[in-house]
Structures are given as C-alpha cells and as structure tokens.
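Next up, final13.tsv (TSV, C-alpha atoms and all ligand atoms):
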chain	number	residue	atom	x	y	z
C	25	MET	CA	4.05	-9.14	33.21
C	26	ASP	CA	6.16	-6.88	35.48
C	27	ALA	CA	4.90	-3.35	36.11
C	28	PHE	CA	6.07	-0.94	33.42
C	29	LEU	CA	6.15	2.78	32.96
C	30	VAL	CA	5.40	3.96	29.47
C	31	ASP	CA	7.02	7.08	28.14
C	32	TYR	CA	6.47	8.81	24.78
C	33	ARG	CA	9.05	10.62	22.69
C	34	THR	CA	9.85	11.47	19.09
C	35	PHE	CA	12.12	9.34	16.89
C	36	HIS	CA	15.86	9.17	17.61
C	37	ASN	CA	18.49	8.11	15.07
C	38	CYS	CA	19.28	5.03	17.17
C	39	ASP	CA	15.65	3.74	17.04
C	40	PRO	CA	15.61	1.64	13.80
C	41	PRO	CA	16.81	-1.64	15.42
C	42	GLY	CA	14.15	-1.27	18.17
C	43	LEU	CA	11.45	-0.50	15.59
C	44	LEU	CA	12.54	-3.49	13.49
C	45	LYS	CA	12.25	-5.76	16.54
C	46	LEU	CA	8.81	-4.38	17.40
C	47	TRP	CA	7.61	-4.81	13.79
C	48	HIS	CA	8.67	-8.48	13.78
C	49	ALA	CA	7.14	-9.21	17.20
C	50	SER	CA	3.75	-7.62	16.53
C	51	ASN	CA	1.91	-10.20	14.34
C	52	LEU	CA	1.06	-7.63	11.69
C	53	GLY	CA	-0.45	-10.27	9.40
C	54	PRO	CA	-0.16	-11.15	5.70
C	55	SER	CA	0.12	-7.51	4.63
C	56	ALA	CA	3.35	-6.90	6.49
C	57	ALA	CA	6.68	-7.96	5.01
C	58	GLU	CA	8.94	-9.73	7.49
C	59	GLY	CA	12.45	-11.13	7.64
C	60	PHE	CA	14.04	-7.94	6.35
C	61	PRO	CA	16.95	-5.92	7.77
C	62	CYS	CA	17.04	-2.31	9.03
C	63	ASP	CA	18.07	-1.04	5.57
C	64	ILE	CA	14.53	-1.66	4.36
C	65	PHE	CA	13.12	0.68	7.00
C	66	GLU	CA	15.78	3.16	5.93
C	67	LEU	CA	14.83	2.92	2.25
C	68	PHE	CA	11.02	2.95	2.57
C	69	VAL	CA	10.61	5.23	5.58
C	70	PHE	CA	13.48	7.25	7.08
C	71	SER	CA	15.12	8.30	3.81
C	72	GLN	CA	11.91	9.75	2.37
C	73	PRO	CA	12.60	13.44	1.60
C	74	PHE	CA	9.59	14.47	3.73
C	75	PHE	CA	10.41	12.24	6.73
C	76	ASP	CA	10.06	14.36	9.88
C	77	ARG	CA	11.26	12.79	13.12
C	78	ASN	CA	8.61	14.74	15.03
C	79	GLY	CA	5.87	12.81	13.21
C	80	LEU	CA	7.21	9.41	14.29
C	81	ILE	CA	6.38	9.00	17.98
C	82	VAL	CA	7.50	5.96	19.95
C	83	ALA	CA	6.19	4.50	23.20
C	84	VAL	CA	9.06	3.18	25.33
C	85	ASP	CA	9.33	1.06	28.45
C	86	GLY	CA	12.85	1.96	29.61
C	87	ASP	CA	15.03	1.42	26.52
C	88	ARG	CA	12.56	-0.86	24.80
C	89	ILE	CA	10.26	0.42	22.05
C	90	ILE	CA	6.81	-1.07	22.70
C	91	GLY	CA	4.75	0.93	20.20
C	92	PHE	CA	4.87	3.66	17.59
C	93	VAL	CA	2.66	5.91	15.53
C	94	HIS	CA	3.79	7.55	12.31
C	95	ALA	CA	1.91	10.69	11.27
C	96	GLY	CA	2.49	12.39	7.92
C	97	PHE	CA	0.62	13.95	5.02
C	98	SER	CA	-0.99	13.07	1.75
C	99	CYS	CA	-0.21	14.94	-1.48
C	100	ASN	CA	-1.88	17.76	-3.42
C	101	GLU	CA	-4.12	17.14	-6.42
C	102	GLN	CA	-1.26	17.44	-8.94
C	103	GLN	CA	0.77	14.98	-6.84
C	104	SER	CA	3.62	17.47	-6.97
C	105	ALA	CA	4.01	18.24	-3.24
C	106	LEU	CA	2.62	17.37	0.18
C	107	ASP	CA	-0.73	18.82	1.20
C	108	LYS	CA	-0.33	19.42	4.92
C	109	THR	CA	-4.02	20.07	5.42
C	110	GLN	CA	-4.54	16.33	4.76
C	111	GLY	CA	-2.99	14.52	7.69
C	112	VAL	CA	-2.52	10.75	7.61
C	113	ILE	CA	-1.63	8.11	10.14
C	114	SER	CA	0.77	6.02	8.08
C	115	ALA	CA	1.39	3.35	10.70
C	116	LEU	CA	0.39	2.40	14.22
C	117	VAL	CA	1.72	-0.58	16.15
C	118	VAL	CA	1.57	-1.65	19.81
C	119	HIS	CA	3.48	-4.76	20.96
C	120	PRO	CA	1.01	-7.61	21.70
C	121	ASP	CA	2.15	-7.78	25.37
C	122	PHE	CA	1.20	-4.13	25.89
C	123	ARG	CA	-2.21	-3.94	24.20
C	124	ARG	CA	-5.50	-2.91	25.87
C	125	GLN	CA	-3.72	-0.48	28.18
C	126	GLY	CA	-4.43	2.73	26.34
C	127	ILE	CA	-1.04	2.97	24.58
C	128	GLY	CA	-2.49	2.83	21.05
C	129	SER	CA	-4.95	5.60	21.96
C	130	ASP	CA	-2.20	7.75	23.53
C	131	LEU	CA	-0.05	7.33	20.41
C	132	MET	CA	-2.95	8.33	18.16
C	133	ARG	CA	-3.60	11.48	20.21
C	134	ARG	CA	0.05	12.45	19.99
C	135	GLY	CA	0.03	11.81	16.23
C	136	GLU	CA	-3.06	14.01	15.88
C	137	GLN	CA	-1.41	16.79	17.95
C	138	TYR	CA	1.58	16.72	15.59
C	139	LEU	CA	-0.73	16.95	12.55
C	140	THR	CA	-2.74	19.82	14.02
C	141	SER	CA	0.49	21.71	14.79
C	142	LYS	CA	1.41	21.40	11.08
C	143	GLY	CA	-1.96	22.72	9.85
C	144	SER	CA	-3.88	19.50	9.11
C	145	THR	CA	-7.64	19.89	9.15
C	146	THR	CA	-8.45	16.22	8.58
C	147	VAL	CA	-6.74	12.96	9.35
C	148	CYS	CA	-7.06	9.66	7.52
C	149	ALA	CA	-5.82	6.71	9.56
C	150	GLY	CA	-4.44	4.17	7.11
C	151	ALA	CA	-3.99	6.88	4.43
C	152	GLY	CA	-5.97	5.20	1.59
C	153	LEU	CA	-5.10	4.30	-2.01
C	154	ASP	CA	-2.20	6.50	-3.13
C	155	GLY	CA	-2.33	8.45	0.12
C	156	ASN	CA	0.61	6.99	2.06
C	157	GLY	CA	4.10	8.40	1.64
C	158	PHE	CA	5.69	5.71	3.82
C	159	TYR	CA	5.85	1.88	4.11
C	160	ASN	CA	5.06	1.29	0.41
C	161	GLY	CA	6.89	-1.88	-0.54
C	162	MET	CA	6.96	-3.22	3.04
C	163	TYR	CA	3.33	-3.02	4.22
C	164	GLY	CA	0.07	-3.62	2.38
C	165	GLY	CA	1.66	-5.49	-0.56
C	166	LEU	CA	1.59	-3.30	-3.66
C	167	GLN	CA	1.13	-0.21	-1.50
C	168	ALA	CA	0.36	0.78	2.08
C	169	SER	CA	-3.19	1.89	1.40
C	170	GLY	CA	-4.81	1.00	4.73
C	171	PHE	CA	-4.60	-1.23	7.78
C	172	SER	CA	-5.25	-4.96	7.43
C	173	ALA	CA	-8.82	-5.67	8.55
C	174	LEU	CA	-7.76	-9.23	9.48
C	175	ILE	CA	-5.34	-8.21	12.17
C	176	ALA	CA	-6.75	-5.68	14.60
C	177	PRO	CA	-10.18	-4.56	15.85
C	178	TRP	CA	-9.87	-1.33	13.87
C	179	PRO	CA	-13.58	-0.33	13.89
C	180	GLU	CA	-13.76	-0.61	17.71
C	181	PHE	CA	-10.40	1.08	18.27
C	182	MET	CA	-10.88	3.92	15.79
C	183	GLY	CA	-14.55	4.37	16.74
C	184	LYS	CA	-13.59	5.01	20.35
C	185	LEU	CA	-11.23	7.77	19.16
C	186	GLY	CA	-14.01	9.48	17.17
C	187	TYR	CA	-13.08	8.22	13.69
C	188	GLN	CA	-15.62	7.21	11.02
C	189	PRO	CA	-14.98	4.32	8.62
C	190	ALA	CA	-13.71	5.66	5.27
C	191	ASP	CA	-12.43	3.92	2.12
C	192	THR	CA	-11.74	0.21	1.90
C	193	THR	CA	-9.18	-1.22	-0.53
C	194	ASN	CA	-9.73	-4.76	-1.82
C	195	ILE	CA	-6.56	-6.82	-2.08
C	196	LEU	CA	-6.80	-9.15	-5.07
C	197	HIS	CA	-4.35	-11.94	-5.77
C	198	ARG	CA	-3.87	-14.30	-8.65
C	199	ASN	CA	-1.71	-17.38	-8.25
C	200	LEU	CA	0.00	-17.59	-11.65
C	201	THR	CA	0.98	-21.22	-11.17
C	202	GLN	CA	-2.63	-22.43	-10.97
C	203	GLY	CA	-5.77	-22.15	-13.05
C	204	ARG	CA	-6.10	-21.33	-16.71
C	205	ASP	CA	-6.60	-18.02	-18.43
C	206	PRO	CA	-10.14	-17.44	-19.70
C	207	VAL	CA	-10.56	-17.87	-23.46
C	208	SER	CA	-13.08	-16.23	-25.79
C	209	ALA	CA	-13.40	-15.35	-29.46
C	210	ARG	CA	-13.02	-11.67	-28.54
C	211	LEU	CA	-9.76	-12.27	-26.64
C	212	ILE	CA	-8.39	-14.26	-29.59
C	213	ARG	CA	-9.29	-11.44	-31.99
C	214	HIS	CA	-7.54	-8.93	-29.72
C	215	ARG	CA	-4.37	-11.05	-29.68
C	216	ARG	CA	-4.31	-11.02	-33.48
C	217	ARG	CA	-4.95	-7.29	-33.74
C	218	LEU	CA	-2.98	-5.83	-30.83
C	219	ASN	CA	0.67	-5.56	-29.81
C	220	LEU	CA	1.93	-5.52	-26.23
C	221	VAL	CA	4.74	-3.01	-25.77
C	222	ILE	CA	6.84	-3.32	-22.61
C	223	THR	CA	9.11	-0.53	-21.47
C	224	ASP	CA	11.11	0.24	-18.35
C	225	ARG	CA	10.51	3.96	-18.90
C	226	VAL	CA	7.33	4.06	-16.88
C	227	GLY	CA	6.50	7.46	-18.33
C	228	ASP	CA	5.75	10.93	-17.26
C	229	LEU	CA	4.93	10.27	-13.64
C	230	PRO	CA	4.48	12.82	-10.84
C	231	TRP	CA	6.76	13.50	-7.87
C	232	TRP	CA	4.46	11.49	-5.55
C	233	TRP	CA	5.00	8.36	-7.66
C	234	HIS	CA	8.78	8.76	-7.68
C	235	VAL	CA	9.13	9.28	-3.94
C	236	ARG	CA	6.96	6.26	-3.16
C	237	PHE	CA	7.85	3.77	-5.88
C	238	GLY	CA	11.03	5.11	-7.52
C	239	HIS	CA	13.24	2.58	-5.73
C	240	LEU	CA	11.19	-0.45	-6.87
C	241	ASP	CA	11.59	-2.26	-10.21
C	242	ALA	CA	8.87	-0.93	-12.50
C	243	LEU	CA	7.69	-1.76	-16.03
C	244	LYS	CA	5.02	-0.21	-18.20
C	245	PHE	CA	2.79	-2.37	-20.44
C	246	THR	CA	0.90	-0.80	-23.34
C	247	LEU	CA	-1.58	-2.58	-25.58
C	248	GLN	CA	-1.59	-0.94	-29.02
C	249	GLU	CA	-3.37	-1.40	-32.34
C	250	ARG	CA	-0.92	-3.06	-34.77
C	251	HIS	CA	-1.89	-0.89	-37.74
C	252	ASN	CA	-1.57	2.59	-36.19
C	253	ASP	CA	-0.07	2.15	-32.67
C	254	ALA	CA	-3.21	3.64	-31.04
C	255	VAL	CA	-3.16	2.81	-27.33
C	256	VAL	CA	-6.18	0.85	-26.12
C	257	ALA	CA	-4.97	-0.02	-22.59
C	258	CYS	CA	-1.96	0.44	-20.36
C	259	GLY	CA	-0.79	-0.60	-16.90
C	260	GLN	CA	2.28	-0.74	-14.72
C	261	ILE	CA	3.92	-3.42	-12.59
C	262	LEU	CA	6.14	-3.06	-9.55
C	263	GLY	CA	8.37	-5.75	-8.05
C	264	LEU	CA	7.39	-6.77	-4.50
C	265	ASP	CA	10.83	-8.09	-3.58
C	266	VAL	CA	10.64	-7.38	0.16
C	267	PHE	CA	7.65	-9.76	0.44
C	268	VAL	CA	9.53	-12.82	-0.87
C	269	ALA	CA	10.63	-13.89	2.63
C	270	LYS	CA	7.08	-13.61	3.99
C	271	TRP	CA	5.01	-14.97	1.10
C	272	GLY	CA	7.60	-17.48	-0.14
C	273	VAL	CA	6.96	-16.63	-3.80
C	274	ARG	CA	8.16	-14.11	-6.38
C	275	SER	CA	5.41	-11.54	-6.73
C	276	VAL	CA	4.58	-8.28	-8.48
C	277	GLY	CA	1.91	-5.65	-8.04
C	278	LEU	CA	-0.18	-4.36	-10.94
C	279	ARG	CA	-1.39	-0.75	-10.81
C	280	ASN	CA	-2.70	2.09	-12.94
C	281	VAL	CA	-4.56	-0.17	-15.38
C	282	LEU	CA	-6.21	2.34	-17.66
C	283	VAL	CA	-8.35	2.08	-20.78
C	284	PRO	CA	-9.08	5.39	-22.58
C	285	GLU	CA	-12.73	6.33	-22.08
C	286	ASP	CA	-13.69	5.94	-25.74
C	287	GLN	CA	-12.20	2.43	-25.80
C	288	ARG	CA	-14.06	1.01	-22.80
C	289	ARG	CA	-16.37	-2.05	-22.79
C	290	HIS	CA	-14.46	-3.75	-25.62
C	291	GLY	CA	-12.52	-6.15	-23.40
C	292	TYR	CA	-9.18	-4.33	-23.80
C	293	GLY	CA	-8.60	-4.10	-20.02
C	294	LEU	CA	-9.07	-7.86	-19.66
C	295	SER	CA	-6.79	-8.52	-22.66
C	296	LEU	CA	-4.08	-6.36	-21.10
C	297	VAL	CA	-4.28	-8.00	-17.65
C	298	LEU	CA	-4.20	-11.51	-19.16
C	299	GLU	CA	-1.29	-10.63	-21.43
C	300	ILE	CA	0.63	-9.26	-18.42
C	301	CYS	CA	-0.13	-12.46	-16.47
C	302	ARG	CA	1.13	-14.56	-19.38
C	303	ARG	CA	4.40	-12.59	-19.64
C	304	LEU	CA	4.97	-12.74	-15.88
C	305	ARG	CA	4.37	-16.50	-15.84
C	306	GLU	CA	7.09	-16.84	-18.49
C	307	GLN	CA	9.41	-14.97	-16.11
C	308	SER	CA	8.58	-17.44	-13.27
C	309	ILE	CA	6.64	-14.87	-11.26
C	310	GLN	CA	4.20	-16.84	-9.10
C	311	LEU	CA	1.85	-14.21	-7.71
C	312	ILE	CA	0.33	-10.97	-8.97
C	313	GLU	CA	-1.51	-8.51	-6.75
C	314	ALA	CA	-3.87	-5.66	-7.57
C	315	GLN	CA	-5.43	-3.18	-5.16
C	316	VAL	CA	-8.83	-1.75	-5.98
C	317	ASP	CA	-11.12	0.69	-4.19
C	318	SER	CA	-14.05	-1.48	-3.03
C	319	LYS	CA	-16.47	1.00	-4.67
C	320	ASN	CA	-14.83	0.63	-8.09
C	321	GLN	CA	-17.12	-2.07	-9.45
C	322	ALA	CA	-15.71	-2.00	-12.99
C	323	ALA	CA	-12.18	-2.72	-11.75
C	324	CYS	CA	-13.37	-5.38	-9.26
C	325	ASP	CA	-15.25	-7.15	-12.10
C	326	LEU	CA	-12.30	-6.89	-14.49
C	327	PHE	CA	-9.88	-8.54	-12.06
C	328	ALA	CA	-12.44	-11.22	-11.13
C	329	ALA	CA	-12.80	-12.04	-14.85
C	330	ALA	CA	-8.99	-12.33	-15.05
C	331	GLY	CA	-8.96	-14.93	-12.24
C	332	PHE	CA	-7.95	-12.71	-9.32
C	333	GLU	CA	-9.36	-13.60	-5.90
C	334	HIS	CA	-10.28	-11.28	-3.08
C	335	VAL	CA	-7.86	-12.11	-0.23
C	336	GLN	CA	-8.42	-9.34	2.29
C	337	GLU	CA	-9.22	-5.67	2.82
C	338	LEU	CA	-7.15	-2.68	3.90
C	339	VAL	CA	-9.31	-0.25	5.85
C	340	THR	CA	-9.10	3.47	6.59
C	341	PHE	CA	-10.83	5.80	9.05
C	342	ARG	CA	-11.34	9.54	8.90
C	343	LYS	CA	-11.75	12.33	11.39
C	344	SER	CA	-11.90	16.12	11.26
C	345	LEU	CA	-9.21	17.95	13.25
C	346	SER	CA	-10.83	21.38	13.00
C	347	VAL	CA	-12.04	22.73	16.33
M	1	LIG	C1	-4.86	-1.58	17.04
M	1	LIG	C2	-3.81	-1.43	18.17
M	1	LIG	C3	-2.85	-0.33	17.80
M	1	LIG	C4	-4.55	-1.04	19.49
M	1	LIG	O1	-3.58	-0.71	20.46
M	1	LIG	P1	-3.93	-0.79	22.06
M	1	LIG	O2	-2.87	-0.09	22.77
M	1	LIG	O3	-4.20	-2.21	22.41
M	1	LIG	O4	-5.32	0.03	22.10
M	1	LIG	P2	-5.97	0.76	23.39
M	1	LIG	O5	-5.62	0.03	24.63
M	1	LIG	O6	-5.64	2.20	23.34
M	1	LIG	O7	-7.53	0.54	23.06
M	1	LIG	C5	-8.48	1.61	22.99
M	1	LIG	C6	-9.87	1.07	22.70
M	1	LIG	O8	-9.90	0.39	21.43
M	1	LIG	C7	-10.79	-0.75	21.49
M	1	LIG	N1	-10.03	-2.00	21.38
M	1	LIG	C8	-8.68	-2.13	21.38
M	1	LIG	N2	-8.35	-3.44	21.25
M	1	LIG	C9	-9.50	-4.14	21.18
M	1	LIG	C10	-9.79	-5.52	21.04
M	1	LIG	N3	-8.81	-6.46	20.95
M	1	LIG	N4	-11.10	-5.90	20.97
M	1	LIG	C11	-12.08	-4.98	21.06
M	1	LIG	N5	-11.85	-3.63	21.21
M	1	LIG	C12	-10.58	-3.23	21.26
M	1	LIG	C13	-11.45	-0.68	22.88
M	1	LIG	O9	-12.60	0.14	22.77
M	1	LIG	C14	-10.35	0.02	23.70
M	1	LIG	O10	-10.86	0.65	24.86
M	1	LIG	P3	-11.05	-0.20	26.24
M	1	LIG	O11	-9.77	-0.95	26.46
M	1	LIG	O12	-11.30	0.87	27.25
M	1	LIG	O13	-12.20	-1.12	26.00
M	1	LIG	C15	-3.07	-2.78	18.41
M	1	LIG	O14	-4.03	-3.84	18.50
M	1	LIG	C16	-2.06	-3.15	17.34
M	1	LIG	O15	-0.90	-2.71	17.37
M	1	LIG	N6	-2.46	-3.97	16.34
M	1	LIG	C17	-1.63	-4.31	15.19
M	1	LIG	C18	-1.24	-3.05	14.44
M	1	LIG	C19	-1.20	-3.17	12.95
M	1	LIG	O16	-1.57	-4.16	12.33
M	1	LIG	N7	-0.74	-2.06	12.34
M	1	LIG	C20	-0.64	-1.99	10.90
M	1	LIG	C21	0.77	-1.83	10.52
M	1	LIG	S1	1.21	-0.20	10.48

Would you encode the structure as structure tokens?
Ligand SMILES: CC(C)(COP(=O)(O)OP(=O)(O)OC[C@H]1O[C@@H](n2cnc3c(N)ncnc32)[C@H](O)[C@@H]1OP(=O)(O)O)[C@@H](O)C(=O)NCCC(=O)NCCS
Amino acid sequence: MDAFLVDYRTFHNCDPPGLLKLWHASNLGPSAAEGFPCDIFELFVFSQPFFDRNGLIVAVDGDRIIGFVHAGFSCNEQQSALDKTQGVISALVVHPDFRRQGIGSDLMRRGEQYLTSKGSTTVCAGAGLDGNGFYNGMYGGLQASGFSALIAPWPEFMGKLGYQPADTTNILHRNLTQGRDPVSARLIRHRRRLNLVITDRVGDLPWWWHVRFGHLDALKFTLQERHNDAVVACGQILGLDVFVAKWGVRSVGLRNVLVPEDQRRHGYGLSLVLEICRRLREQSIQLIEAQVDSKNQAACDLFAAAGFEHVQELVTFRKSLSV
C-alpha cells in the first residue's frame, strides 16, 4: 500500500456516501445490513433528533474516509431523555486495508474526549441492550446492542485501551421454514383457553423507543384469558426490512416478551412465542430473531424451548472516564 497520511475531523454533510462505501468495504459480518442506499444511514443515524456531528469523528486519507467512530449517550431511567453521564460508543469501523496502524485506537480516544467534554463519567463501547440510539435496524439485527464477537478481536483491542468486558447479548434465531413447534398437553390447554390479540398500536411506549424504533413496522401481541381478557403474556415484533438484502429472507425481531410476575412458570411465555411464530409463518416470514442478555437464564431457556438457536454474541466493554 502507498504511504498515507491520516487526518481526523468531525462529520461533514457531504460524508454519507464515503461512510456508506466504508461500511460496505469493511466486512462487518452477519450483524451488519448491506446493500442499502445512503437514505438508510439518513433514517437510522443522521436524522436522529440527538445526532451531534461532533460525536461522529472520521479518519480520512485525503478525501477518502478510512474509519469512523460514533460517540453518543444512553438514556435516563425513565427513557424520556438522554443521560449524558452515560457515554456510549455506538459504532467503530476501520477499513481492512488500514487496520493495525493505531487508527482504531486514535478514533476511540477522540470519541472519549468528546464524551468527557459533554459530561460523561462512563463509556460503554457497543452500548448494550437498549443502550444505543443509533444504527438500530441496520446493525445487530433487532437492535444495535453490541459489537459482533465474530468479526473483530474486541477483547484485545478494548483491553489495550483500558476497557473491561461488560454485558454480552445472545443473538437467537429461529428458521420458521424448518423444524416443528413443540407440542404438549399444557400448550394445547393454553390454546383452548387463551386468545391472541394483535394490534399495531404498540402501546404506551417511552420516547427512547420511538426515536429508535418508531420508523420500523411494529406489532404488539397479547395473550389473554378468553373469559375475562386478563393478560398472561405480551410481546412486540419489529420488521427487519433492511436485512433482507444481506440475509436473503424476510425476518422480524421479537422483543419485550413479558409475563406478569404472578403468571410466571405456567408456560404462557412459551405459548406466546410459539403463537407468534405460527402467525409469522402464515405471513411467509422466514426468520425470527430475539436478543437476550446472556445472564438472563429464564429468557435463554424460553427461547431454546421454542426452537431458537444461539447464532452469535454482541459484546460490550466499559470504562470509567472520571479522572
Ligand atoms: C476493531 C477495529 C476497529 C480495530 O481497528 P485498528 O485500527 O486495526 O486497531 P489498532 O491498530 O488501533 O489496534 C490497537 C490494539 O488492538 C489490538 N488488536 C487490534 N487488532 C488486532 C488483531 N487483529 N489481533 C489481535 N489484536 C489486535 C492490539 O493490541 C493492537 O495494538 P498493537 O497493534 O500495538 O498490537 C477494526 O478491526 C475494525 O474496524 N473491525 C470491524 C469493526 C466492526 O465490526 N464494527 C462494528 C460495526 S459498528
């Protein structure tokens, strides 16, 4: 490769085509959508109401973008606004021809400087489940909750920058065109006793949900007792349309599966997930994805019982920014 001089600067309005080219040349693995136009970047990243050009820092060789880091923030507990004390690294990419030359590390340091200047006291690289305000719908599958462990030597890279491993999200897939749904007397009883209600009014959801998923197709599924409409389980699906070109199948993501505490251990969660799978199959959806915190054993077991397979992990790393 010819000698190059790397320069760093914040995002310019003319950068999207260069970022799109970098994204498609960087072998980002199965978690990264591909084959999409600039509009997708616009919709999922630049048009976010909290997008700040100073948080998106590019590495350039002349006019060519050869890397970028995107620093931002997670949300407060009520999910009603950003919490700037909680910095996140939403994305980090270096072109394969320019790796192992310190560019990724330089980008990270610049991202951290931006976060510190805004008052962040911690930073989570990869953001974590429900922590990323950007790239949802175009990276990670259902949501951008970490960096694909299959693709880069994250522990070595992050370790050298002083980060500790943090949460891991399990990516679970079920191919709806193969295999059979489990059957049991309990599941049959539930089908007789319960109604599945489907609505496109996904409910009373917080600001953080709307800014991240509001532009995706969403449906709410509620499993209710026939005799009194009491809810025994609910969940939500989101269309993963941008992944069709990469995965070659129509897919949806399943999130927020919830069984009220007093209704747990009766098999209602499994009934709901299987009912959703059945309805999606009827709509010719071929793949369903769920994302689960690797420490959430109950959810991991539920999805395994429903025929989901562990396909990969999205990892995160944490560091304190306080001096
Ligand atoms: C992870 C990534 C950003 C690293 O960028 P980089 O510019 O090559 O990293 P650096 O040169 O700054 O590496 C710093 C240290 O990390 C470690 N490291 C980086 N790459 C490594 C590798 N392939 N194997 C082992 N250690 C590695 C080393 O300790 C290295 O220091 P050294 O070169 O002095 O040994 C790059 O591999 C990448 O872009 N991967 C794909 C990104 C991705 O999937 N992003 C998710 C979408 S947002």

Find the residue from C:Leu326, C:Ile175, C:Ala257, C:Leu345 that sits nearest to Tyr138 in chain C; use only C-alpha atoms when measuring.
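Smallest distance to Tyr138 in chain C is found for C:Leu345.
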
Can you pull out every residue within 9 Å of Asp265 in chain C, counting only C-alpha atoms, but drop anything in the same chain fewer than 5 positions away, and send it as JSON, numbers by chain?
{"C": [161, 240, 241, 274, 275, 276]}

Coordinates-based distance that separates CA of Cys99 in chain C from CA of Ser346 in chain C (Å, one decimal):
19.1 Å

Using all atoms listed in the file, determine which residues lie at most 12 Å from Ser208 in chain C, disregarding the query and same-chain residues fewer than 5 positions distant; provide the list as a PyMOL selection string.
chain C and resi 213-215+291+294-295+329

Quick one: 8 Å padding each side, axis-aligned, all listed atoms of ligand LIG 1 (chain M) - centre and edge lengths in Å to one decimal, as lines of an AutoDock Vina configuration file?
center_x = -5.7
center_y = -2.1
center_z = 18.9
size_x = 29.8
size_y = 24.7
size_z = 32.8

As an NGL selection string, please: the residues near range 182-188 of chain C (cut-off 7 Å, all atoms listed in the file, same-chain neighbours under 6 positions excluded).
:C and (341-343)

Close residues to ligand LIG 1 (chain M) using all atoms listed in the file, limit 9 Å, as a PDB file with C-alpha atoms, in the coordinates of the input:
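Listing of part-v4.pdb after writing:
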ATOM      1  CA  TRP C  47       7.610  -4.810  13.790  1.00  0.00           C
ATOM      2  CA  SER C  50       3.750  -7.620  16.530  1.00  0.00           C
ATOM      3  CA  ASN C  51       1.910 -10.200  14.340  1.00  0.00           C
ATOM      4  CA  LEU C  52       1.060  -7.630  11.690  1.00  0.00           C
ATOM      5  CA  GLY C  53      -0.450 -10.270   9.400  1.00  0.00           C
ATOM      6  CA  SER C  55       0.120  -7.510   4.630  1.00  0.00           C
ATOM      7  CA  ALA C  56       3.350  -6.900   6.490  1.00  0.00           C
ATOM      8  CA  GLY C  91       4.750   0.930  20.200  1.00  0.00           C
ATOM      9  CA  PHE C  92       4.870   3.660  17.590  1.00  0.00           C
ATOM     10  CA  VAL C  93       2.660   5.910  15.530  1.00  0.00           C
ATOM     11  CA  HIS C  94       3.790   7.550  12.310  1.00  0.00           C
ATOM     12  CA  ILE C 113      -1.630   8.110  10.140  1.00  0.00           C
ATOM     13  CA  SER C 114       0.770   6.020   8.080  1.00  0.00           C
ATOM     14  CA  ALA C 115       1.390   3.350  10.700  1.00  0.00           C
ATOM     15  CA  LEU C 116       0.390   2.400  14.220  1.00  0.00           C
ATOM     16  CA  VAL C 117       1.720  -0.580  16.150  1.00  0.00           C
ATOM     17  CA  VAL C 118       1.570  -1.650  19.810  1.00  0.00           C
ATOM     18  CA  HIS C 119       3.480  -4.760  20.960  1.00  0.00           C
ATOM     19  CA  PRO C 120       1.010  -7.610  21.700  1.00  0.00           C
ATOM     20  CA  ASP C 121       2.150  -7.780  25.370  1.00  0.00           C
ATOM     21  CA  PHE C 122       1.200  -4.130  25.890  1.00  0.00           C
ATOM     22  CA  ARG C 123      -2.210  -3.940  24.200  1.00  0.00           C
ATOM     23  CA  ARG C 124      -5.500  -2.910  25.870  1.00  0.00           C
ATOM     24  CA  GLN C 125      -3.720  -0.480  28.180  1.00  0.00           C
ATOM     25  CA  GLY C 126      -4.430   2.730  26.340  1.00  0.00           C
ATOM     26  CA  ILE C 127      -1.040   2.970  24.580  1.00  0.00           C
ATOM     27  CA  GLY C 128      -2.490   2.830  21.050  1.00  0.00           C
ATOM     28  CA  SER C 129      -4.950   5.600  21.960  1.00  0.00           C
ATOM     29  CA  ASP C 130      -2.200   7.750  23.530  1.00  0.00           C
ATOM     30  CA  LEU C 131      -0.050   7.330  20.410  1.00  0.00           C
ATOM     31  CA  MET C 132      -2.950   8.330  18.160  1.00  0.00           C
ATOM     32  CA  GLY C 150      -4.440   4.170   7.110  1.00  0.00           C
ATOM     33  CA  TYR C 159       5.850   1.880   4.110  1.00  0.00           C
ATOM     34  CA  TYR C 163       3.330  -3.020   4.220  1.00  0.00           C
ATOM     35  CA  GLY C 164       0.070  -3.620   2.380  1.00  0.00           C
ATOM     36  CA  ALA C 168       0.360   0.780   2.080  1.00  0.00           C
ATOM     37  CA  GLY C 170      -4.810   1.000   4.730  1.00  0.00           C
ATOM     38  CA  PHE C 171      -4.600  -1.230   7.780  1.00  0.00           C
ATOM     39  CA  SER C 172      -5.250  -4.960   7.430  1.00  0.00           C
ATOM     40  CA  ALA C 173      -8.820  -5.670   8.550  1.00  0.00           C
ATOM     41  CA  LEU C 174      -7.760  -9.230   9.480  1.00  0.00           C
ATOM     42  CA  ILE C 175      -5.340  -8.210  12.170  1.00  0.00           C
ATOM     43  CA  ALA C 176      -6.750  -5.680  14.600  1.00  0.00           C
ATOM     44  CA  PRO C 177     -10.180  -4.560  15.850  1.00  0.00           C
ATOM     45  CA  TRP C 178      -9.870  -1.330  13.870  1.00  0.00           C
ATOM     46  CA  PRO C 179     -13.580  -0.330  13.890  1.00  0.00           C
ATOM     47  CA  GLU C 180     -13.760  -0.610  17.710  1.00  0.00           C
ATOM     48  CA  PHE C 181     -10.400   1.080  18.270  1.00  0.00           C
ATOM     49  CA  MET C 182     -10.880   3.920  15.790  1.00  0.00           C
ATOM     50  CA  GLY C 183     -14.550   4.370  16.740  1.00  0.00           C
ATOM     51  CA  LYS C 184     -13.590   5.010  20.350  1.00  0.00           C
ATOM     52  CA  LEU C 185     -11.230   7.770  19.160  1.00  0.00           C
TER      53      LEU C 185
END

Could you name the residues that touch range 25-41 of chain C at 7 Å or less, counting all atoms listed in the file, but leaving out those on the same chain fewer than 6 positions away, as a PyMOL selection string?
chain C and resi 62+77-78+80-85

Residue nearest Ile195 in chain C - candidates C:Val268, C:Ile90, C:Ala149, C:Val339, atoms counted: all atoms listed in the file
C:Val339

CA of Thr193 in chain C to CA of Gln248 in chain C, distance in Å rounded to a single decimal
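Distance between the two atoms: 29.5 Å.
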
Between CA of Asp228 in chain C and CA of Val283 in chain C, distance in Å (one decimal):
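A separation of 17.0 Å between them.
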
Can you work out which one of C:Gly203, C:Gly331, C:Gly272, C:Gly86 has the shortest atom-to-atom distance to Gly59 in chain C, counting all atoms listed in the file?
C:Gly272
